[in-house]
file input-v5.cif (mmCIF, C-alpha atoms)
data_run
#
loop_
_atom_site.group_PDB
_atom_site.id
_atom_site.type_symbol
_atom_site.label_atom_id
_atom_site.label_comp_id
_atom_site.auth_asym_id
_atom_site.auth_seq_id
_atom_site.Cartn_x
_atom_site.Cartn_y
_atom_site.Cartn_z
ATOM 1 C CA MET L 548 0.000 0.000 0.000
ATOM 2 C CA SER L 549 1.459 3.370 -0.974
ATOM 3 C CA GLU L 550 1.522 6.336 1.383
ATOM 4 C CA ASN L 551 -0.933 8.192 -0.845
ATOM 5 C CA SER L 552 -3.467 5.337 -0.895
ATOM 6 C CA ARG L 553 -3.343 4.599 2.845
ATOM 7 C CA PRO L 554 -6.596 5.722 4.543
ATOM 8 C CA LYS L 555 -6.163 8.550 7.027
ATOM 9 C CA GLY L 556 -5.566 7.163 10.504
ATOM 10 C CA ALA L 557 -4.755 3.674 9.267
ATOM 11 C CA PRO L 558 -1.546 2.104 10.615
ATOM 12 C CA ARG L 559 1.396 2.438 8.276
ATOM 13 C CA PHE L 560 2.530 -1.119 8.959
ATOM 14 C CA PRO L 561 -0.638 -3.142 9.701
ATOM 15 C CA GLU L 562 1.327 -6.292 10.509
ATOM 16 C CA GLY L 563 4.312 -4.442 11.962
ATOM 17 C CA PRO L 564 5.271 -2.961 15.338
ATOM 18 C CA VAL L 565 2.485 -1.154 17.153
ATOM 19 C CA PRO L 566 2.856 2.008 19.242
ATOM 20 C CA ASP L 567 3.033 1.295 22.992
ATOM 21 C CA PRO L 568 2.170 -2.424 22.703
ATOM 22 C CA SER L 569 1.618 -2.918 26.439
ATOM 23 C CA GLY L 570 -0.809 0.007 26.527
ATOM 24 C CA ASP L 571 -2.243 0.822 29.941
ATOM 25 C CA ARG L 572 -2.352 -2.786 31.126
ATOM 26 C CA PHE L 573 0.528 -2.155 33.510
ATOM 27 C CA GLU L 574 1.267 0.505 36.080
ATOM 28 C CA ARG L 575 2.492 3.855 34.926
ATOM 29 C CA ARG L 576 6.070 4.524 35.975
ATOM 30 C CA ILE L 577 9.059 6.601 35.034
ATOM 31 C CA ARG L 578 10.538 5.168 31.849
ATOM 32 C CA SER L 579 14.174 5.176 30.805
ATOM 33 C CA PHE L 580 13.289 5.873 27.170
ATOM 34 C CA THR L 581 11.192 8.188 25.051
ATOM 35 C CA PRO L 582 9.805 6.996 21.696
ATOM 36 C CA ARG L 583 11.420 8.826 18.788
ATOM 37 C CA ARG L 584 9.582 9.662 15.617
ATOM 38 C CA SER L 585 11.600 9.993 12.430
ATOM 39 C CA ARG L 586 11.269 9.112 8.797
ATOM 40 C CA VAL L 587 11.184 5.448 7.796
ATOM 41 C CA THR L 588 13.059 4.897 4.537
ATOM 42 C CA THR L 589 11.701 2.795 1.700
ATOM 43 C CA ALA L 590 14.092 -0.061 2.514
ATOM 44 C CA GLN L 591 13.230 0.043 6.219
ATOM 45 C CA GLY L 592 9.507 0.099 5.496
ATOM 46 C CA ASP L 593 9.798 -2.797 3.082
ATOM 47 C CA ALA L 594 11.685 -4.813 5.704
ATOM 48 C CA LEU L 595 9.038 -4.092 8.331
ATOM 49 C CA ARG L 596 6.238 -5.198 6.023
ATOM 50 C CA ARG L 597 7.985 -8.378 4.903
ATOM 51 C CA LEU L 598 9.870 -9.477 7.976
ATOM 52 C CA TRP L 599 8.070 -8.241 11.079
ATOM 53 C CA PRO L 600 5.548 -11.125 11.054
ATOM 54 C CA LYS L 601 8.505 -13.536 10.876
ATOM 55 C CA TRP L 602 11.201 -11.934 13.041
ATOM 56 C CA GLY L 603 9.430 -9.256 15.083
ATOM 57 C CA LEU L 604 7.369 -9.249 18.259
ATOM 58 C CA ASP L 605 5.516 -6.664 20.300
ATOM 59 C CA ILE L 606 6.163 -6.523 24.028
ATOM 60 C CA ASP L 607 2.571 -6.749 25.205
ATOM 61 C CA GLY L 608 3.256 -8.544 28.483
ATOM 62 C CA GLN L 609 0.573 -11.134 27.750
ATOM 63 C CA ARG L 610 2.665 -14.319 27.522
ATOM 64 C CA VAL L 611 5.924 -15.924 28.509
ATOM 65 C CA LEU L 612 8.140 -16.407 25.474
ATOM 66 C CA ASP L 613 9.460 -19.796 24.468
ATOM 67 C CA LEU L 614 12.849 -18.644 23.201
ATOM 68 C CA ALA L 615 13.643 -21.990 21.573
ATOM 69 C CA GLU L 616 10.426 -21.691 19.583
ATOM 70 C CA LEU L 617 11.025 -18.016 18.813
ATOM 71 C CA PHE L 618 14.469 -18.669 17.328
ATOM 72 C CA GLY L 619 13.897 -22.222 16.134
ATOM 73 C CA THR L 620 16.920 -23.435 18.084
ATOM 74 C CA THR L 621 18.111 -24.091 21.632
ATOM 75 C CA ALA L 622 21.231 -21.961 21.061
ATOM 76 C CA PRO L 623 22.222 -19.393 23.713
ATOM 77 C CA VAL L 624 20.187 -16.177 23.757
ATOM 78 C CA VAL L 625 21.556 -12.731 24.589
ATOM 79 C CA LEU L 626 19.244 -9.790 25.272
ATOM 80 C CA GLU L 627 20.276 -6.443 23.787
ATOM 81 C CA ILE L 628 18.441 -3.398 25.107
ATOM 82 C CA GLY L 629 18.531 -0.360 22.826
ATOM 83 C CA PHE L 630 20.195 -1.151 19.498
ATOM 84 C CA GLY L 631 19.821 2.185 17.687
ATOM 85 C CA MET L 632 19.995 1.572 13.940
ATOM 86 C CA GLY L 633 21.148 -2.015 14.428
ATOM 87 C CA GLU L 634 24.523 -1.929 12.666
ATOM 88 C CA ALA L 635 26.464 -3.264 15.664
ATOM 89 C CA THR L 636 23.783 -5.855 16.396
ATOM 90 C CA ALA L 637 23.930 -7.190 12.853
ATOM 91 C CA GLN L 638 27.739 -7.321 12.975
ATOM 92 C CA MET L 639 27.722 -9.262 16.243
ATOM 93 C CA ALA L 640 25.074 -11.659 14.949
ATOM 94 C CA ALA L 641 27.101 -12.321 11.793
ATOM 95 C CA ALA L 642 30.321 -12.838 13.738
ATOM 96 C CA ASP L 643 28.699 -15.298 16.177
ATOM 97 C CA PRO L 644 25.949 -17.229 14.365
ATOM 98 C CA GLY L 645 25.767 -19.735 17.226
ATOM 99 C CA THR L 646 24.362 -17.078 19.565
ATOM 100 C CA CYS L 647 20.857 -15.664 19.189
ATOM 101 C CA ILE L 648 20.187 -11.978 19.854
ATOM 102 C CA LEU L 649 16.854 -10.723 21.138
ATOM 103 C CA ALA L 650 17.170 -7.015 20.319
ATOM 104 C CA VAL L 651 14.789 -4.525 21.964
ATOM 105 C CA ASP L 652 14.078 -0.943 20.932
ATOM 106 C CA VAL L 653 11.179 1.447 20.349
ATOM 107 C CA HIS L 654 12.596 3.282 17.324
ATOM 108 C CA THR L 655 10.683 2.192 14.210
ATOM 109 C CA PRO L 656 13.353 3.200 11.637
ATOM 110 C CA GLY L 657 15.958 1.297 13.661
ATOM 111 C CA GLN L 658 13.729 -1.759 13.839
ATOM 112 C CA GLY L 659 13.278 -1.691 10.079
ATOM 113 C CA ASN L 660 16.974 -1.096 9.510
ATOM 114 C CA LEU L 661 18.045 -4.042 11.665
ATOM 115 C CA LEU L 662 15.554 -6.330 9.931
ATOM 116 C CA ASN L 663 16.866 -5.155 6.565
ATOM 117 C CA LEU L 664 20.504 -5.692 7.595
ATOM 118 C CA ALA L 665 19.738 -9.170 8.933
ATOM 119 C CA ASP L 666 17.873 -10.106 5.775
ATOM 120 C CA ARG L 667 20.607 -8.865 3.453
ATOM 121 C CA ALA L 668 23.267 -10.743 5.438
ATOM 122 C CA GLY L 669 21.219 -13.943 5.578
ATOM 123 C CA LEU L 670 21.125 -13.892 9.372
ATOM 124 C CA THR L 671 18.653 -16.133 11.179
ATOM 125 C CA ASN L 672 19.778 -15.491 14.761
ATOM 126 C CA VAL L 673 18.216 -12.051 15.302
ATOM 127 C CA ARG L 674 14.733 -11.233 16.582
ATOM 128 C CA VAL L 675 13.484 -7.679 17.047
ATOM 129 C CA ALA L 676 11.254 -6.784 19.996
ATOM 130 C CA ASN L 677 9.245 -3.571 20.128
ATOM 131 C CA GLY L 678 8.432 -1.946 23.446
ATOM 132 C CA ASP L 679 9.513 -1.662 27.055
ATOM 133 C CA ALA L 680 12.377 -3.945 28.083
ATOM 134 C CA VAL L 681 11.232 -3.824 31.710
ATOM 135 C CA ILE L 682 7.893 -5.410 30.781
ATOM 136 C CA LEU L 683 9.702 -7.937 28.591
ATOM 137 C CA LEU L 684 11.887 -8.982 31.528
ATOM 138 C CA ARG L 685 9.168 -8.972 34.130
ATOM 139 C CA GLU L 686 6.300 -10.533 32.210
ATOM 140 C CA MET L 687 7.659 -12.387 29.182
ATOM 141 C CA LEU L 688 11.000 -14.013 30.005
ATOM 142 C CA ALA L 689 11.346 -17.130 32.130
ATOM 143 C CA PRO L 690 13.881 -17.423 34.959
ATOM 144 C CA GLN L 691 17.406 -18.250 33.787
ATOM 145 C CA SER L 692 16.397 -17.998 30.120
ATOM 146 C CA LEU L 693 19.164 -15.580 29.079
ATOM 147 C CA ASP L 694 22.828 -16.300 28.473
ATOM 148 C CA GLY L 695 23.782 -12.645 28.610
ATOM 149 C CA ALA L 696 22.563 -9.063 28.356
ATOM 150 C CA ARG L 697 23.918 -5.987 26.568
ATOM 151 C CA VAL L 698 23.165 -2.328 27.167
ATOM 152 C CA TYR L 699 25.240 -0.200 24.822
ATOM 153 C CA PHE L 700 25.151 3.595 24.978
ATOM 154 C CA PRO L 701 21.831 4.024 26.784
ATOM 155 C CA ASP L 702 20.418 7.502 27.194
ATOM 156 C CA PRO L 703 22.574 9.060 29.965
ATOM 157 C CA TRP L 704 19.853 11.474 31.062
ATOM 158 C CA PRO L 705 22.560 13.998 32.001
ATOM 159 C CA LYS L 706 20.422 16.514 33.912
ATOM 160 C CA ALA L 707 20.298 15.796 37.637
ATOM 161 C CA ARG L 708 16.502 15.903 37.740
ATOM 162 C CA HIS L 709 16.393 13.154 35.101
ATOM 163 C CA HIS L 710 18.866 10.741 36.717
ATOM 164 C CA LYS L 711 15.924 8.684 37.981
ATOM 165 C CA ARG L 712 15.211 7.800 34.347
ATOM 166 C CA ARG L 713 18.526 6.023 33.839
ATOM 167 C CA LEU L 714 18.090 2.341 33.018
ATOM 168 C CA ILE L 715 20.940 0.945 35.110
ATOM 169 C CA GLN L 716 19.484 1.220 38.594
ATOM 170 C CA PRO L 717 19.280 -1.244 41.526
ATOM 171 C CA ASP L 718 15.645 -2.152 40.800
ATOM 172 C CA PHE L 719 16.412 -2.905 37.155
ATOM 173 C CA LEU L 720 19.357 -5.112 38.093
ATOM 174 C CA THR L 721 17.202 -7.005 40.591
ATOM 175 C CA LEU L 722 14.659 -7.589 37.824
ATOM 176 C CA LEU L 723 17.265 -8.667 35.287
ATOM 177 C CA ALA L 724 19.296 -11.004 37.488
ATOM 178 C CA PRO L 725 16.788 -13.887 37.811
ATOM 179 C CA ARG L 726 16.422 -14.021 34.009
ATOM 180 C CA LEU L 727 20.167 -14.570 33.595
ATOM 181 C CA LYS L 728 21.743 -17.981 33.885
ATOM 182 C CA PRO L 729 24.460 -18.357 36.528
ATOM 183 C CA GLY L 730 27.669 -16.927 35.129
ATOM 184 C CA ALA L 731 25.929 -14.920 32.404
ATOM 185 C CA VAL L 732 27.485 -11.516 31.758
ATOM 186 C CA LEU L 733 25.814 -8.120 31.669
ATOM 187 C CA HIS L 734 27.850 -5.900 29.328
ATOM 188 C CA CYS L 735 27.285 -2.152 29.468
ATOM 189 C CA ALA L 736 29.050 0.596 27.536
ATOM 190 C CA THR L 737 28.747 4.371 27.667
ATOM 191 C CA ASP L 738 30.674 7.425 26.545
ATOM 192 C CA TRP L 739 29.175 9.612 29.270
ATOM 193 C CA GLU L 740 31.659 9.690 32.150
ATOM 194 C CA PRO L 741 29.169 10.457 34.982
ATOM 195 C CA TYR L 742 26.903 7.624 33.812
ATOM 196 C CA ALA L 743 29.859 5.237 33.656
ATOM 197 C CA GLU L 744 30.686 6.128 37.251
ATOM 198 C CA HIS L 745 27.038 5.615 38.213
ATOM 199 C CA MET L 746 26.932 2.212 36.485
ATOM 200 C CA LEU L 747 30.118 1.064 38.175
ATOM 201 C CA GLU L 748 28.869 2.154 41.588
ATOM 202 C CA VAL L 749 25.425 0.560 41.213
ATOM 203 C CA LEU L 750 26.703 -2.712 39.729
ATOM 204 C CA THR L 751 29.481 -3.049 42.299
ATOM 205 C CA ALA L 752 27.005 -2.591 45.153
ATOM 206 C CA HIS L 753 24.448 -5.069 43.803
ATOM 207 C CA PRO L 754 24.611 -8.546 45.427
ATOM 208 C CA ASP L 755 23.532 -10.355 42.249
ATOM 209 C CA PHE L 756 26.489 -9.186 40.148
ATOM 210 C CA GLU L 757 30.265 -9.371 40.393
ATOM 211 C CA ASN L 758 32.838 -7.496 38.359
ATOM 212 C CA THR L 759 34.804 -9.608 35.889
ATOM 213 C CA GLN L 760 37.775 -7.274 36.366
ATOM 214 C CA GLU L 761 40.062 -8.158 39.235
ATOM 215 C CA ASP L 762 40.791 -4.502 39.948
ATOM 216 C CA GLY L 763 37.074 -3.768 40.298
ATOM 217 C CA GLY L 764 37.087 -1.195 37.514
ATOM 218 C CA TYR L 765 36.194 -0.824 33.863
ATOM 219 C CA ALA L 766 36.946 -3.477 31.244
ATOM 220 C CA PRO L 767 38.787 -3.113 27.926
ATOM 221 C CA ARG L 768 36.427 -3.072 24.950
ATOM 222 C CA PRO L 769 35.899 -6.744 24.020
ATOM 223 C CA ASP L 770 36.669 -7.690 20.439
ATOM 224 C CA PHE L 771 33.096 -8.841 19.913
ATOM 225 C CA ARG L 772 31.653 -5.355 20.502
ATOM 226 C CA PRO L 773 32.008 -3.475 17.204
ATOM 227 C CA LEU L 774 33.109 0.127 17.081
ATOM 228 C CA THR L 775 29.857 1.796 16.052
ATOM 229 C CA ARG L 776 29.454 4.906 13.963
ATOM 230 C CA PHE L 777 28.003 6.698 16.982
ATOM 231 C CA GLU L 778 30.968 5.645 19.107
ATOM 232 C CA GLY L 779 33.430 6.723 16.445
ATOM 233 C CA GLN L 780 31.868 10.182 16.361
ATOM 234 C CA GLY L 781 32.199 10.421 20.130
ATOM 235 C CA LEU L 782 35.818 9.329 20.088
ATOM 236 C CA ARG L 783 36.651 11.973 17.493
ATOM 237 C CA LYS L 784 35.153 14.539 19.852
ATOM 238 C CA GLY L 785 37.399 13.343 22.649
ATOM 239 C CA HIS L 786 34.828 11.241 24.489
ATOM 240 C CA VAL L 787 36.096 8.317 26.556
ATOM 241 C CA VAL L 788 34.134 5.073 26.223
ATOM 242 C CA HIS L 789 33.862 2.793 29.243
ATOM 243 C CA ASP L 790 32.883 -0.884 29.109
ATOM 244 C CA LEU L 791 31.581 -2.701 32.164
ATOM 245 C CA LEU L 792 31.323 -6.498 32.288
ATOM 246 C CA PHE L 793 29.597 -7.915 35.350
ATOM 247 C CA ARG L 794 28.795 -11.577 35.902
ATOM 248 C CA ARG L 795 25.562 -12.850 37.431
ATOM 249 C CA ALA L 796 26.652 -14.226 40.794
ATOM 250 C CA GLY L 797 25.048 -16.992 42.827
ATOM 251 C CA THR L 798 21.290 -17.118 43.243
ATOM 252 C CA PRO L 799 19.682 -13.739 42.492
ATOM 253 C CA SER L 800 17.920 -12.051 45.370
ATOM 254 C CA GLY L 801 14.817 -11.586 43.182
ATOM 255 C CA ALA L 802 14.500 -15.311 42.331
#
call {"tool": "encode", "arguments": {"input": "input-v5.cif", "output": "structure tokens"}}
result
Amino acid sequence: MSENSRPKGAPRFPEGPVPDPSGDRFERRIRSFTPRRSRVTTAQGDALRRLWPKWGLDIDGQRVLDLAELFGTTAPVVLEIGFGMGEATAQMAAADPGTCILAVDVHTPGQGNLLNLADRAGLTNVRVANGDAVILLREMLAPQSLDGARVYFPDPWPKARHHKRRLIQPDFLTLLAPRLKPGAVLHCATDWEPYAEHMLEVLTAHPDFENTQEDGGYAPRPDFRPLTRFEGQGLRKGHVVHDLLFRRAGTPSGA
């Protein structure tokens, strides 16, 4: 259906991601993200129309996912929260086809772009989830179902009055921990120094996680995390990127 022939008010992608899929079925709370509206390119729109029914899912909080059924394999599954335009996600999926990536974001152009990249590269180990990662974790993922989690360059919410919106907080870690298998690694990265310090402090203090670094500090960038275009821009501006790798320790307190 062309843009000109689409009835006014009709969804642009009838079988694609829906706005706010969980609706008002769950309590209202402060969110760590704000939906962004920007132009969907022809290629992104085509990917959403063709591939969303096959590789996409809305986070509606109405069921617990069978990840083996979702991916068609019992291979390890890593959750990625906030993938932007998906370039790094597609690179990681291509470099490690034996690991499945459940990639979560609310940005429609990015969702379409990742689907397009995966399709062009012949990747079968990527699924794209639309909506709130907190609801996904709390309502739709079984205990110890994840082999890892990645949070790369989340919104730092730099203003002091917005710090409560930051994703990496004690409550979020307590929610995430039971969904991780023992020994699974949470990998965070940020180029915002105050947020890196906040992450390190919060993760170090949390009983369900332990730092993989013997000195208790930041980790070198692992080879498997690509240098993204966004990161490259930051580095050219003199930004310092910090990686944090924390392992799920023992039995989570929220189990």
call {"tool": "residues_around", "arguments": {"input": "input-v5.cif", "residues": "Asp593 in chain L", "least_positions_apart": "4", "cutoff": "10 Å", "atoms": "all atoms listed in the file", "output": "ChimeraX atom specification"}}
result
/L:560,587-589,597-599,659-660,662-663
call {"tool": "residues_around", "arguments": {"input": "input-v5.cif", "residues": "Lys601 in chain L", "least_positions_apart": "5", "cutoff": "12 Å", "atoms": "only C-alpha atoms", "output": "number ranges by chain"}}
result
L: 562-564, 594-596, 617-619, 662, 666, 671, 673-676
call {"tool": "resolve_selection", "arguments": {"input": "input-v5.cif", "expression": "the PyMOL selection byres ((chain L and resi 741) around 12)", "output": "ChimeraX atom specification"}}
result
/L:703-707,710,713,737-740,742-748,786-789
call {"tool": "write_last_selection", "arguments": {"input": "input-v5.cif", "atoms": "C-alpha atoms", "output": "compact mmCIF listing (two decimals), keeping the file's coordinate frame"}}
result
# COMPACT_ATOMS: atom_id res chain seq x y z
CA PRO L 703 22.57 9.06 29.96
CA TRP L 704 19.85 11.47 31.06
CA PRO L 705 22.56 14.00 32.00
CA LYS L 706 20.42 16.51 33.91
CA ALA L 707 20.30 15.80 37.64
CA HIS L 710 18.87 10.74 36.72
CA ARG L 713 18.53 6.02 33.84
CA THR L 737 28.75 4.37 27.67
CA ASP L 738 30.67 7.42 26.54
CA TRP L 739 29.18 9.61 29.27
CA GLU L 740 31.66 9.69 32.15
CA TYR L 742 26.90 7.62 33.81
CA ALA L 743 29.86 5.24 33.66
CA GLU L 744 30.69 6.13 37.25
CA HIS L 745 27.04 5.62 38.21
CA MET L 746 26.93 2.21 36.48
CA LEU L 747 30.12 1.06 38.17
CA GLU L 748 28.87 2.15 41.59
CA HIS L 786 34.83 11.24 24.49
CA VAL L 787 36.10 8.32 26.56
CA VAL L 788 34.13 5.07 26.22
CA HIS L 789 33.86 2.79 29.24
call {"tool": "residues_around", "arguments": {"input": "input-v5.cif", "residues": "Thr751 in chain L", "least_positions_apart": "3", "cutoff": "12 Å", "atoms": "only C-alpha atoms", "output": "list of chain:residue names"}}
result
L:Ile715, L:Gln716, L:Pro717, L:Leu720, L:Ala743, L:Glu744, L:His745, L:Met746, L:Leu747, L:Glu748, L:Pro754, L:Asp755, L:Phe756, L:Glu757, L:Asn758, L:Thr759, L:Gln760, L:Asp762, L:Gly763, L:Gly764, L:Tyr765, L:Leu791, L:Leu792, L:Phe793, L:Arg794, L:Arg795, L:Ala796
call {"tool": "closest_residue", "arguments": {"input": "input-v5.cif", "among": "L:Leu670, L:Val624, L:Leu664, L:Leu774", "to": "Ala642 in chain L", "atoms": "all atoms listed in the file"}}
result
L:Leu670
call {"tool": "resolve_selection", "arguments": {"input": "input-v5.cif", "expression": "the PyMOL selection byres ((chain L and resi 683-688) around 6)", "output": "count of residues only"}}
result
9
call {"tool": "resolve_selection", "arguments": {"input": "input-v5.cif", "expression": "the PyMOL selection byres ((chain L and resi 651-653) around 10)", "output": "PyMOL selection string"}}
result
chain L and resi 564-567+580-584+603-606+626-633+648-650+654-658+674-680+683
call {"tool": "atom_distance", "arguments": {"input": "input-v5.cif", "atom1": "CA of Pro725 in chain L", "atom2": "CA of Ala696 in chain L"}}
result
12.1 Å
call {"tool": "residues_near_point", "arguments": {"input": "input-v5.cif", "point": "(21.7, -17.6, 31.4)", "cutoff": "7 Å", "atoms": "all atoms listed in the file", "output": "list of chain:residue names"}}
result
L:Gln691, L:Ser692, L:Leu693, L:Asp694, L:Gly695, L:Arg726, L:Leu727, L:Lys728, L:Pro729, L:Ala731
call {"tool": "atom_distance", "arguments": {"input": "input-v5.cif", "atom1": "CA of Gly781 in chain L", "atom2": "CA of Leu661 in chain L"}}
result
21.9 Å
call {"tool": "atom_distance", "arguments": {"input": "input-v5.cif", "atom1": "CA of Ala668 in chain L", "atom2": "CA of Asp702 in chain L"}}
result
28.5 Å
call {"tool": "axis_aligned_box", "arguments": {"input": "input-v5.cif", "around": "range 603-618 of chain L", "padding_each_side": "8 Å", "output": "AutoDock Vina command-line options"}}
result
--center_x 7.5 --center_y -14.3 --center_z 21.8 --size_x 29.9 --size_y 31.5 --size_z 29.4
call {"tool": "residues_near_point", "arguments": {"input": "input-v5.cif", "point": "(32.6, 0.0, 11.7)", "cutoff": "9 Å", "atoms": "all atoms listed in the file", "output": "PDB file with C-alpha atoms, in the coordinates of the input"}}
result
ATOM      1  CA  GLU L 634      24.523  -1.929  12.666  1.00  0.00           C
ATOM      2  CA  ALA L 635      26.464  -3.264  15.664  1.00  0.00           C
ATOM      3  CA  GLN L 638      27.739  -7.321  12.975  1.00  0.00           C
ATOM      4  CA  PRO L 773      32.008  -3.475  17.204  1.00  0.00           C
ATOM      5  CA  LEU L 774      33.109   0.127  17.081  1.00  0.00           C
ATOM      6  CA  THR L 775      29.857   1.796  16.052  1.00  0.00           C
ATOM      7  CA  ARG L 776      29.454   4.906  13.963  1.00  0.00           C
ATOM      8  CA  GLY L 779      33.430   6.723  16.445  1.00  0.00           C
TER       9      GLY L 779
END
call {"tool": "closest_residue", "arguments": {"input": "input-v5.cif", "among": "L:Ala766, L:Asp790, L:Cys735, L:Gly592", "to": "Arg697 in chain L", "atoms": "only C-alpha atoms"}}
result
L:Cys735
call {"tool": "residues_around", "arguments": {"input": "input-v5.cif", "residues": "Thr621 in chain L", "least_positions_apart": "4", "cutoff": "10 Å", "atoms": "only C-alpha atoms", "output": "PyMOL selection string"}}
result
chain L and resi 614-617+645-647
call {"tool": "closest_residue", "arguments": {"input": "input-v5.cif", "among": "L:Ala590, L:Leu723, L:Ala752, L:Ala736", "to": "Arg768 in chain L", "atoms": "only C-alpha atoms"}}
result
L:Ala736
